[in-house]
$ cat coords_24.csv   # CSV, N, CA and C atoms
chain,number,residue,atom,x,y,z
J,589,MET,N,-25.0,-1.4,-22.9
J,589,MET,CA,-24.4,-1.2,-21.6
J,589,MET,C,-23.5,-2.4,-21.3
J,590,SER,N,-22.2,-2.0,-20.9
J,590,SER,CA,-21.3,-3.1,-20.6
J,590,SER,C,-21.4,-3.4,-19.1
J,591,ILE,N,-21.0,-4.7,-18.8
J,591,ILE,CA,-21.0,-5.1,-17.4
J,591,ILE,C,-19.6,-4.8,-16.8
J,592,GLN,N,-19.7,-4.2,-15.7
J,592,GLN,CA,-18.4,-3.9,-15.0
J,592,GLN,C,-18.2,-4.9,-13.8
J,593,THR,N,-17.1,-5.6,-13.8
J,593,THR,CA,-16.8,-6.5,-12.8
J,593,THR,C,-16.0,-5.8,-11.7
J,594,LYS,N,-15.9,-6.5,-10.6
J,594,LYS,CA,-15.1,-5.8,-9.4
J,594,LYS,C,-13.7,-5.4,-9.8
J,595,PRO,N,-13.0,-6.3,-10.5
J,595,PRO,CA,-11.6,-5.9,-10.9
J,595,PRO,C,-11.6,-4.7,-11.9
J,596,THR,N,-12.5,-4.6,-12.8
J,596,THR,CA,-12.5,-3.4,-13.7
J,596,THR,C,-12.9,-2.2,-13.0
J,597,LYS,N,-13.8,-2.2,-12.0
J,597,LYS,CA,-14.2,-1.1,-11.2
J,597,LYS,C,-13.0,-0.6,-10.4
J,598,ARG,N,-12.2,-1.6,-9.8
J,598,ARG,CA,-11.0,-1.2,-9.0
J,598,ARG,C,-10.0,-0.6,-9.9
J,599,LEU,N,-9.8,-1.1,-11.1
J,599,LEU,CA,-8.8,-0.5,-12.0
J,599,LEU,C,-9.2,0.9,-12.4
J,600,ARG,N,-10.5,1.2,-12.6
J,600,ARG,CA,-10.9,2.6,-12.9
J,600,ARG,C,-10.6,3.5,-11.7
J,601,ARG,N,-10.9,3.0,-10.5
J,601,ARG,CA,-10.6,3.9,-9.3
J,601,ARG,C,-9.1,4.1,-9.2
J,602,ARG,N,-8.3,3.0,-9.4
J,602,ARG,CA,-6.9,3.1,-9.3
J,602,ARG,C,-6.3,4.1,-10.3
J,603,ARG,N,-6.8,4.1,-11.5
J,603,ARG,CA,-6.3,5.0,-12.5
J,603,ARG,C,-6.7,6.4,-12.2
J,604,ARG,N,-7.9,6.6,-11.7
J,604,ARG,CA,-8.3,8.0,-11.3
J,604,ARG,C,-7.5,8.5,-10.2
J,605,VAL,N,-7.1,7.7,-9.2
J,605,VAL,CA,-6.3,8.2,-8.1
J,605,VAL,C,-4.8,8.4,-8.6
J,606,ARG,N,-4.3,7.5,-9.5
J,606,ARG,CA,-3.0,7.7,-9.9
J,606,ARG,C,-2.8,8.9,-10.9
J,607,ALA,N,-3.8,9.4,-11.4
J,607,ALA,CA,-3.7,10.6,-12.2
J,607,ALA,C,-3.4,11.8,-11.4
J,608,LYS,N,-3.7,11.7,-10.1
J,608,LYS,CA,-3.5,12.8,-9.2
J,608,LYS,C,-2.4,12.7,-8.2
J,609,VAL,N,-2.1,11.4,-7.9
J,609,VAL,CA,-1.1,11.1,-6.8
J,609,VAL,C,0.3,10.8,-7.5
J,610,ARG,N,1.3,11.6,-7.1
J,610,ARG,CA,2.7,11.4,-7.6
J,610,ARG,C,3.6,11.3,-6.5
J,611,GLY,N,4.6,10.5,-6.6
J,611,GLY,CA,5.6,10.3,-5.6
J,611,GLY,C,6.9,11.0,-6.0
J,612,THR,N,7.6,11.6,-5.1
J,612,THR,CA,8.9,12.3,-5.4
J,612,THR,C,9.9,11.7,-4.4
J,613,ALA,N,11.2,12.1,-4.6
J,613,ALA,CA,12.2,11.6,-3.8
J,613,ALA,C,12.0,12.0,-2.3
J,614,GLU,N,11.6,13.2,-2.1
J,614,GLU,CA,11.3,13.7,-0.7
J,614,GLU,C,10.1,13.1,-0.1
J,615,ARG,N,9.1,12.9,-1.0
J,615,ARG,CA,7.8,12.4,-0.5
J,615,ARG,C,7.3,11.3,-1.5
J,616,PRO,N,7.8,10.1,-1.3
J,616,PRO,CA,7.4,9.0,-2.2
J,616,PRO,C,6.0,8.5,-2.0
J,617,ARG,N,5.5,7.7,-2.9
J,617,ARG,CA,4.2,7.2,-2.9
J,617,ARG,C,4.2,5.8,-2.2
J,618,LEU,N,3.3,5.6,-1.2
J,618,LEU,CA,3.2,4.4,-0.6
J,618,LEU,C,2.1,3.6,-1.3
J,619,SER,N,2.4,2.7,-2.2
J,619,SER,CA,1.5,1.9,-3.0
J,619,SER,C,1.1,0.6,-2.3
J,620,VAL,N,-0.2,0.3,-2.2
J,620,VAL,CA,-0.7,-0.8,-1.5
J,620,VAL,C,-1.3,-1.8,-2.5
J,621,PHE,N,-0.9,-3.1,-2.3
J,621,PHE,CA,-1.5,-4.2,-3.1
J,621,PHE,C,-2.1,-5.2,-2.1
J,622,ARG,N,-3.4,-5.5,-2.4
J,622,ARG,CA,-4.1,-6.4,-1.5
J,622,ARG,C,-4.6,-7.6,-2.4
J,623,SER,N,-4.3,-8.8,-1.9
J,623,SER,CA,-4.8,-10.0,-2.6
J,623,SER,C,-5.6,-10.8,-1.6
J,624,ASN,N,-6.1,-11.9,-2.1
J,624,ASN,CA,-6.9,-12.8,-1.2
J,624,ASN,C,-6.0,-13.5,-0.2
J,625,ARG,N,-4.7,-13.5,-0.5
J,625,ARG,CA,-3.8,-14.2,0.4
J,625,ARG,C,-3.0,-13.3,1.3
J,626,GLY,N,-2.8,-12.0,1.0
J,626,GLY,CA,-2.1,-11.1,1.9
J,626,GLY,C,-1.9,-9.7,1.3
J,627,MET,N,-1.0,-9.0,2.0
J,627,MET,CA,-0.8,-7.6,1.6
J,627,MET,C,0.6,-7.3,1.3
J,628,ALA,N,0.8,-6.4,0.4
J,628,ALA,CA,2.2,-5.9,0.0
J,628,ALA,C,2.1,-4.4,-0.2
J,629,CYS,N,3.3,-3.7,0.0
J,629,CYS,CA,3.3,-2.3,-0.2
J,629,CYS,C,4.8,-1.9,-0.5
J,630,GLN,N,4.9,-0.8,-1.2
J,630,GLN,CA,6.2,-0.3,-1.5
J,630,GLN,C,6.2,1.2,-1.6
J,631,LEU,N,7.3,1.8,-1.3
J,631,LEU,CA,7.5,3.2,-1.4
J,631,LEU,C,8.2,3.5,-2.8
J,632,ILE,N,7.5,4.3,-3.6
J,632,ILE,CA,8.0,4.5,-5.0
J,632,ILE,C,8.3,6.0,-5.2
J,633,ASP,N,9.4,6.2,-5.8
J,633,ASP,CA,9.8,7.6,-6.3
J,633,ASP,C,9.4,7.6,-7.8
J,634,ASP,N,8.3,8.2,-8.2
J,634,ASP,CA,7.8,8.2,-9.5
J,634,ASP,C,8.6,9.0,-10.5
J,635,GLU,N,9.4,10.0,-10.0
J,635,GLU,CA,10.2,10.8,-10.9
J,635,GLU,C,11.3,10.0,-11.5
J,636,ARG,N,12.0,9.1,-10.7
J,636,ARG,CA,13.0,8.3,-11.2
J,636,ARG,C,12.6,6.9,-11.5
J,637,GLY,N,11.4,6.5,-11.0
J,637,GLY,CA,10.9,5.1,-11.3
J,637,GLY,C,11.6,4.1,-10.4
J,638,HIS,N,11.9,4.4,-9.2
J,638,HIS,CA,12.6,3.5,-8.3
J,638,HIS,C,11.8,3.2,-7.1
J,639,THR,N,11.9,2.0,-6.6
J,639,THR,CA,11.3,1.6,-5.3
J,639,THR,C,12.3,1.8,-4.2
J,640,LEU,N,12.0,2.6,-3.2
J,640,LEU,CA,12.9,2.9,-2.1
J,640,LEU,C,12.8,1.9,-1.0
J,641,ALA,N,11.7,1.3,-0.8
J,641,ALA,CA,11.5,0.3,0.3
J,641,ALA,C,10.3,-0.5,0.0
J,642,ALA,N,10.3,-1.8,0.4
J,642,ALA,CA,9.1,-2.7,0.2
J,642,ALA,C,8.9,-3.6,1.3
J,643,ALA,N,7.7,-4.1,1.5
J,643,ALA,CA,7.4,-5.1,2.5
J,643,ALA,C,6.2,-5.9,2.0
J,644,SER,N,6.2,-7.2,2.3
J,644,SER,CA,5.2,-8.1,1.8
J,644,SER,C,4.8,-9.2,2.8
J,645,TRP,N,3.7,-9.7,2.7
J,645,TRP,CA,3.2,-10.8,3.6
J,645,TRP,C,4.0,-12.1,3.4
J,646,THR,N,4.8,-12.2,2.3
J,646,THR,CA,5.5,-13.4,2.1
J,646,THR,C,6.8,-13.6,2.9
J,647,GLU,N,7.1,-12.6,3.7
J,647,GLU,CA,8.3,-12.7,4.5
J,647,GLU,C,8.1,-13.7,5.6
J,648,ASP,N,9.1,-14.3,6.1
J,648,ASP,CA,9.0,-15.5,7.0
J,648,ASP,C,8.3,-15.1,8.3
J,649,GLU,N,8.6,-14.0,8.9
J,649,GLU,CA,8.0,-13.7,10.2
J,649,GLU,C,6.5,-13.3,10.1
J,650,LEU,N,6.0,-13.1,8.9
J,650,LEU,CA,4.6,-12.7,8.7
J,650,LEU,C,3.7,-13.8,8.3
J,651,ARG,N,4.2,-14.9,7.8
J,651,ARG,CA,3.4,-15.9,7.2
J,651,ARG,C,2.4,-16.6,8.1
J,652,ASP,N,2.8,-16.7,9.4
J,652,ASP,CA,1.9,-17.4,10.4
J,652,ASP,C,0.9,-16.5,11.1
J,653,LEU,N,0.9,-15.2,10.8
J,653,LEU,CA,0.0,-14.3,11.5
J,653,LEU,C,-1.4,-14.3,10.8
J,654,GLN,N,-2.4,-13.9,11.6
J,654,GLN,CA,-3.7,-13.7,11.1
J,654,GLN,C,-3.7,-12.5,10.1
J,655,ARG,N,-4.7,-12.4,9.2
J,655,ARG,CA,-4.6,-11.4,8.1
J,655,ARG,C,-4.6,-10.0,8.6
J,656,ALA,N,-5.4,-9.6,9.6
J,656,ALA,CA,-5.4,-8.2,10.1
J,656,ALA,C,-4.0,-7.9,10.8
J,657,ASP,N,-3.5,-8.9,11.6
J,657,ASP,CA,-2.2,-8.7,12.2
J,657,ASP,C,-1.1,-8.6,11.2
J,658,GLN,N,-1.2,-9.4,10.2
J,658,GLN,CA,-0.3,-9.4,9.1
J,658,GLN,C,-0.2,-8.1,8.4
J,659,ALA,N,-1.4,-7.5,8.1
J,659,ALA,CA,-1.5,-6.2,7.4
J,659,ALA,C,-0.8,-5.1,8.3
J,660,LYS,N,-1.1,-5.1,9.6
J,660,LYS,CA,-0.6,-4.1,10.5
J,660,LYS,C,1.0,-4.3,10.6
J,661,ARG,N,1.4,-5.5,10.6
J,661,ARG,CA,2.9,-5.7,10.7
J,661,ARG,C,3.6,-5.3,9.4
J,662,VAL,N,2.9,-5.5,8.2
J,662,VAL,CA,3.5,-5.1,7.0
J,662,VAL,C,3.7,-3.6,7.0
J,663,GLY,N,2.7,-2.9,7.5
J,663,GLY,CA,2.8,-1.4,7.7
J,663,GLY,C,3.9,-1.0,8.6
J,664,GLN,N,4.1,-1.7,9.7
J,664,GLN,CA,5.2,-1.4,10.6
J,664,GLN,C,6.5,-1.6,9.9
J,665,LEU,N,6.6,-2.7,9.2
J,665,LEU,CA,7.9,-3.0,8.5
J,665,LEU,C,8.2,-1.9,7.4
J,666,ILE,N,7.2,-1.5,6.7
J,666,ILE,CA,7.5,-0.4,5.7
J,666,ILE,C,7.8,0.9,6.3
J,667,GLY,N,7.3,1.2,7.5
J,667,GLY,CA,7.6,2.4,8.2
J,667,GLY,C,9.1,2.3,8.7
J,668,GLU,N,9.5,1.2,9.2
J,668,GLU,CA,10.9,1.0,9.7
J,668,GLU,C,11.9,1.1,8.5
J,669,ARG,N,11.5,0.5,7.4
J,669,ARG,CA,12.4,0.5,6.2
J,669,ARG,C,12.4,1.9,5.6
J,670,ALA,N,11.3,2.6,5.7
J,670,ALA,CA,11.3,4.0,5.2
J,670,ALA,C,12.3,4.9,6.0
J,671,LYS,N,12.2,4.7,7.3
J,671,LYS,CA,13.1,5.5,8.2
J,671,LYS,C,14.6,5.2,7.9
J,672,ALA,N,14.9,3.9,7.6
J,672,ALA,CA,16.2,3.5,7.3
J,672,ALA,C,16.7,4.1,6.0
J,673,ALA,N,15.7,4.3,5.0
J,673,ALA,CA,16.0,4.9,3.7
J,673,ALA,C,16.0,6.4,3.8
J,674,GLY,N,15.7,7.0,4.9
J,674,GLY,CA,15.7,8.4,5.1
J,674,GLY,C,14.4,9.1,4.7
J,675,VAL,N,13.3,8.4,4.7
J,675,VAL,CA,12.0,8.9,4.3
J,675,VAL,C,11.2,9.2,5.6
J,676,GLU,N,10.7,10.4,5.7
J,676,GLU,CA,9.8,10.7,6.9
J,676,GLU,C,8.4,10.8,6.5
J,677,THR,N,8.1,11.4,5.3
J,677,THR,CA,6.7,11.6,4.9
J,677,THR,C,6.5,10.9,3.5
J,678,CYS,N,5.2,10.6,3.2
J,678,CYS,CA,4.9,9.9,2.0
J,678,CYS,C,3.4,10.3,1.6
J,679,VAL,N,3.1,9.9,0.4
J,679,VAL,CA,1.7,10.0,-0.1
J,679,VAL,C,1.1,8.6,-0.2
J,680,PHE,N,-0.1,8.5,0.4
J,680,PHE,CA,-0.7,7.2,0.5
J,680,PHE,C,-1.5,6.9,-0.7
J,681,ASP,N,-1.2,5.8,-1.4
J,681,ASP,CA,-2.0,5.3,-2.6
J,681,ASP,C,-2.6,4.0,-2.3
J,682,ARG,N,-3.9,4.0,-2.1
J,682,ARG,CA,-4.6,2.8,-1.6
J,682,ARG,C,-4.9,1.9,-2.8
J,683,GLY,N,-4.5,2.2,-4.0
J,683,GLY,CA,-4.6,1.3,-5.1
J,683,GLY,C,-6.0,0.9,-5.6
J,684,GLY,N,-7.0,1.8,-5.3
J,684,GLY,CA,-8.3,1.5,-5.7
J,684,GLY,C,-9.1,0.7,-4.7
J,685,TYR,N,-8.5,0.3,-3.6
J,685,TYR,CA,-9.2,-0.4,-2.5
J,685,TYR,C,-9.8,0.6,-1.6
J,686,ARG,N,-10.9,0.1,-0.9
J,686,ARG,CA,-11.5,1.0,0.1
J,686,ARG,C,-10.6,1.1,1.3
J,687,TYR,N,-10.5,2.3,1.9
J,687,TYR,CA,-9.8,2.6,3.1
J,687,TYR,C,-10.5,2.0,4.3
J,688,HIS,N,-10.4,0.6,4.5
J,688,HIS,CA,-11.2,-0.1,5.4
J,688,HIS,C,-10.5,-1.4,5.6
J,689,GLY,N,-10.7,-2.0,6.8
J,689,GLY,CA,-10.2,-3.3,7.1
J,689,GLY,C,-8.6,-3.4,7.0
J,690,HIS,N,-8.2,-4.3,6.1
J,690,HIS,CA,-6.7,-4.6,6.0
J,690,HIS,C,-5.9,-3.4,5.5
J,691,VAL,N,-6.5,-2.6,4.6
J,691,VAL,CA,-5.8,-1.4,4.1
J,691,VAL,C,-5.6,-0.4,5.2
J,692,LYS,N,-6.7,-0.2,6.0
J,692,LYS,CA,-6.6,0.7,7.1
J,692,LYS,C,-5.6,0.2,8.2
J,693,ALA,N,-5.6,-1.1,8.4
J,693,ALA,CA,-4.6,-1.7,9.4
J,693,ALA,C,-3.2,-1.4,8.9
J,694,LEU,N,-2.9,-1.6,7.6
J,694,LEU,CA,-1.6,-1.3,7.1
J,694,LEU,C,-1.2,0.1,7.3
J,695,ALA,N,-2.1,1.0,7.0
J,695,ALA,CA,-1.8,2.5,7.2
J,695,ALA,C,-1.6,2.8,8.6
J,696,GLU,N,-2.3,2.3,9.5
J,696,GLU,CA,-2.1,2.5,11.0
J,696,GLU,C,-0.8,2.0,11.4
J,697,GLY,N,-0.4,0.8,10.9
J,697,GLY,CA,0.9,0.2,11.3
J,697,GLY,C,2.0,1.1,10.8
J,698,ALA,N,1.9,1.7,9.6
J,698,ALA,CA,2.9,2.6,9.1
J,698,ALA,C,3.0,3.8,9.9
J,699,ARG,N,1.9,4.4,10.3
J,699,ARG,CA,1.8,5.6,11.1
J,699,ARG,C,2.5,5.3,12.5
J,700,GLU,N,2.2,4.1,13.1
J,700,GLU,CA,2.8,3.8,14.4
J,700,GLU,C,4.3,3.7,14.3
J,701,ALA,N,4.8,3.3,13.1
J,701,ALA,CA,6.3,3.2,12.9
J,701,ALA,C,6.9,4.5,12.7
J,702,GLY,N,6.1,5.6,12.5
J,702,GLY,CA,6.6,7.0,12.4
J,702,GLY,C,6.5,7.5,11.0
J,703,LEU,N,5.9,6.9,10.1
J,703,LEU,CA,5.7,7.4,8.7
J,703,LEU,C,4.5,8.3,8.7
J,704,VAL,N,4.7,9.5,8.1
J,704,VAL,CA,3.6,10.5,8.1
J,704,VAL,C,3.0,10.6,6.7
J,705,PHE,N,1.7,10.6,6.7
J,705,PHE,CA,1.0,10.8,5.4
J,705,PHE,C,-0.4,11.3,5.7
$ encode --input "coords_24.csv" --output "structure tokens"
Amino acid sequence: MSIQTKPTKRLRRRRRVRAKVRGTAERPRLSVFRSNRGMACQLIDDERGHTLAAASWTEDELRDLQRADQAKRVGQLIGERAKAAGVETCVFDRGGYRYHGHVKALAEGAREAGLVF
């Protein structure tokens, strides 16, 4: 029996979700990455392999915020940038993370900005 660490378990969940979730030009995939330091997300058209919009905690206005506020603001930024790129709806890819805490805050921020998923 092999030992499964947290990163390998997350990778298995991520691959399982990615086998089913596909982004298109009309409905791109909102991919979420969470680290110990912050949150990042991007809208991806998997058919062409292009990123349509992205937002990250490393932006100047977000660095000084608390983690939960930072995640919510990243979601709001991606929603605004999606609107500017002409995207109304998307598919949410949580990246193997639980839909809880910071990932949930990011999703709620994107919904408040008008992104539908």
$ closest_residue --input "coords_24.csv" --among "J:Arg661, J:Arg625, J:Arg617, J:Arg600" --to "Leu640 of chain J" --atoms "only C-alpha atoms"
J:Arg617
$ residues_around --input "coords_24.csv" --residues "Ile632 of chain J" --least-positions-apart "6" --cutoff "7 Å" --atoms "only C-alpha atoms" --output "list in words"
Gly611, Pro616, Arg617, Leu618, His638, Thr639 and Leu640 of chain J
$ atom_distance --input "coords_24.csv" --atom1 "atom CA of Gln630 of chain J" --atom2 "atom CA of Thr596 of chain J"
22.5 Å
$ residues_around --input "coords_24.csv" --residues "Gly684 of chain J" --least-positions-apart "4" --cutoff "8 Å" --atoms "only N, CA and C atoms" --output "PyMOL selection string"
chain J and resi 597-606+620
$ select_by_dssp --input "coords_24.csv" --residues "chain J" --states "strand (DSSP E)" --output "compact mmCIF listing (two decimals) with N, CA and C atoms, in the coordinates of the input"
# COMPACT_ATOMS: atom_id res chain seq x y z
N ARG J 617 5.50 7.70 -2.90
CA ARG J 617 4.20 7.20 -2.90
C ARG J 617 4.20 5.80 -2.20
N LEU J 618 3.30 5.60 -1.20
CA LEU J 618 3.20 4.40 -0.60
C LEU J 618 2.10 3.60 -1.30
N SER J 619 2.40 2.70 -2.20
CA SER J 619 1.50 1.90 -3.00
C SER J 619 1.10 0.60 -2.30
N VAL J 620 -0.20 0.30 -2.20
CA VAL J 620 -0.70 -0.80 -1.50
C VAL J 620 -1.30 -1.80 -2.50
N PHE J 621 -0.90 -3.10 -2.30
CA PHE J 621 -1.50 -4.20 -3.10
C PHE J 621 -2.10 -5.20 -2.10
N ARG J 622 -3.40 -5.50 -2.40
CA ARG J 622 -4.10 -6.40 -1.50
C ARG J 622 -4.60 -7.60 -2.40
N MET J 627 -1.00 -9.00 2.00
CA MET J 627 -0.80 -7.60 1.60
C MET J 627 0.60 -7.30 1.30
N ALA J 628 0.80 -6.40 0.40
CA ALA J 628 2.20 -5.90 0.00
C ALA J 628 2.10 -4.40 -0.20
N CYS J 629 3.30 -3.70 0.00
CA CYS J 629 3.30 -2.30 -0.20
C CYS J 629 4.80 -1.90 -0.50
N GLN J 630 4.90 -0.80 -1.20
CA GLN J 630 6.20 -0.30 -1.50
C GLN J 630 6.20 1.20 -1.60
N LEU J 631 7.30 1.80 -1.30
CA LEU J 631 7.50 3.20 -1.40
C LEU J 631 8.20 3.50 -2.80
N ILE J 632 7.50 4.30 -3.60
CA ILE J 632 8.00 4.50 -5.00
C ILE J 632 8.30 6.00 -5.20
N ASP J 633 9.40 6.20 -5.80
CA ASP J 633 9.80 7.60 -6.30
C ASP J 633 9.40 7.60 -7.80
N HIS J 638 11.90 4.40 -9.20
CA HIS J 638 12.60 3.50 -8.30
C HIS J 638 11.80 3.20 -7.10
N THR J 639 11.90 2.00 -6.60
CA THR J 639 11.30 1.60 -5.30
C THR J 639 12.30 1.80 -4.20
N LEU J 640 12.00 2.60 -3.20
CA LEU J 640 12.90 2.90 -2.10
C LEU J 640 12.80 1.90 -1.00
N ALA J 641 11.70 1.30 -0.80
CA ALA J 641 11.50 0.30 0.30
C ALA J 641 10.30 -0.50 0.00
N ALA J 642 10.30 -1.80 0.40
CA ALA J 642 9.10 -2.70 0.20
C ALA J 642 8.90 -3.60 1.30
N ALA J 643 7.70 -4.10 1.50
CA ALA J 643 7.40 -5.10 2.50
C ALA J 643 6.20 -5.90 2.00
N SER J 644 6.20 -7.20 2.30
CA SER J 644 5.20 -8.10 1.80
C SER J 644 4.80 -9.20 2.80
N VAL J 679 3.10 9.90 0.40
CA VAL J 679 1.70 10.00 -0.10
C VAL J 679 1.10 8.60 -0.20
N PHE J 680 -0.10 8.50 0.40
CA PHE J 680 -0.70 7.20 0.50
C PHE J 680 -1.50 6.90 -0.70
N ASP J 681 -1.20 5.80 -1.40
CA ASP J 681 -2.00 5.30 -2.60
C ASP J 681 -2.60 4.00 -2.30
$ residues_around --input "coords_24.csv" --residues "segment 643-651 of chain J" --least-positions-apart "4" --cutoff "7 Å" --atoms "all atoms listed in the file" --output "number ranges by chain"
J: 626-631, 658, 662, 665-666
$ closest_residue --input "coords_24.csv" --among "J:Lys671, J:Lys660, J:Lys608, J:Arg622" --to "Glu696 of chain J" --atoms "only C-alpha atoms"
J:Lys660
$ atom_distance --input "coords_24.csv" --atom1 "atom C of Ala659 of chain J" --atom2 "atom N of Ala695 of chain J"
6.4 Å
$ closest_residue --input "coords_24.csv" --among "J:Val675, J:Gly667, J:Gln592, J:Ala656" --to "Asp633 of chain J" --atoms "only C-alpha atoms"
J:Val675
$ residues_around --input "coords_24.csv" --residues "Arg669 of chain J" --least-positions-apart "5" --cutoff "6.5 Å" --atoms "all atoms listed in the file" --output "PyMOL selection string"
chain J and resi 641+664+674
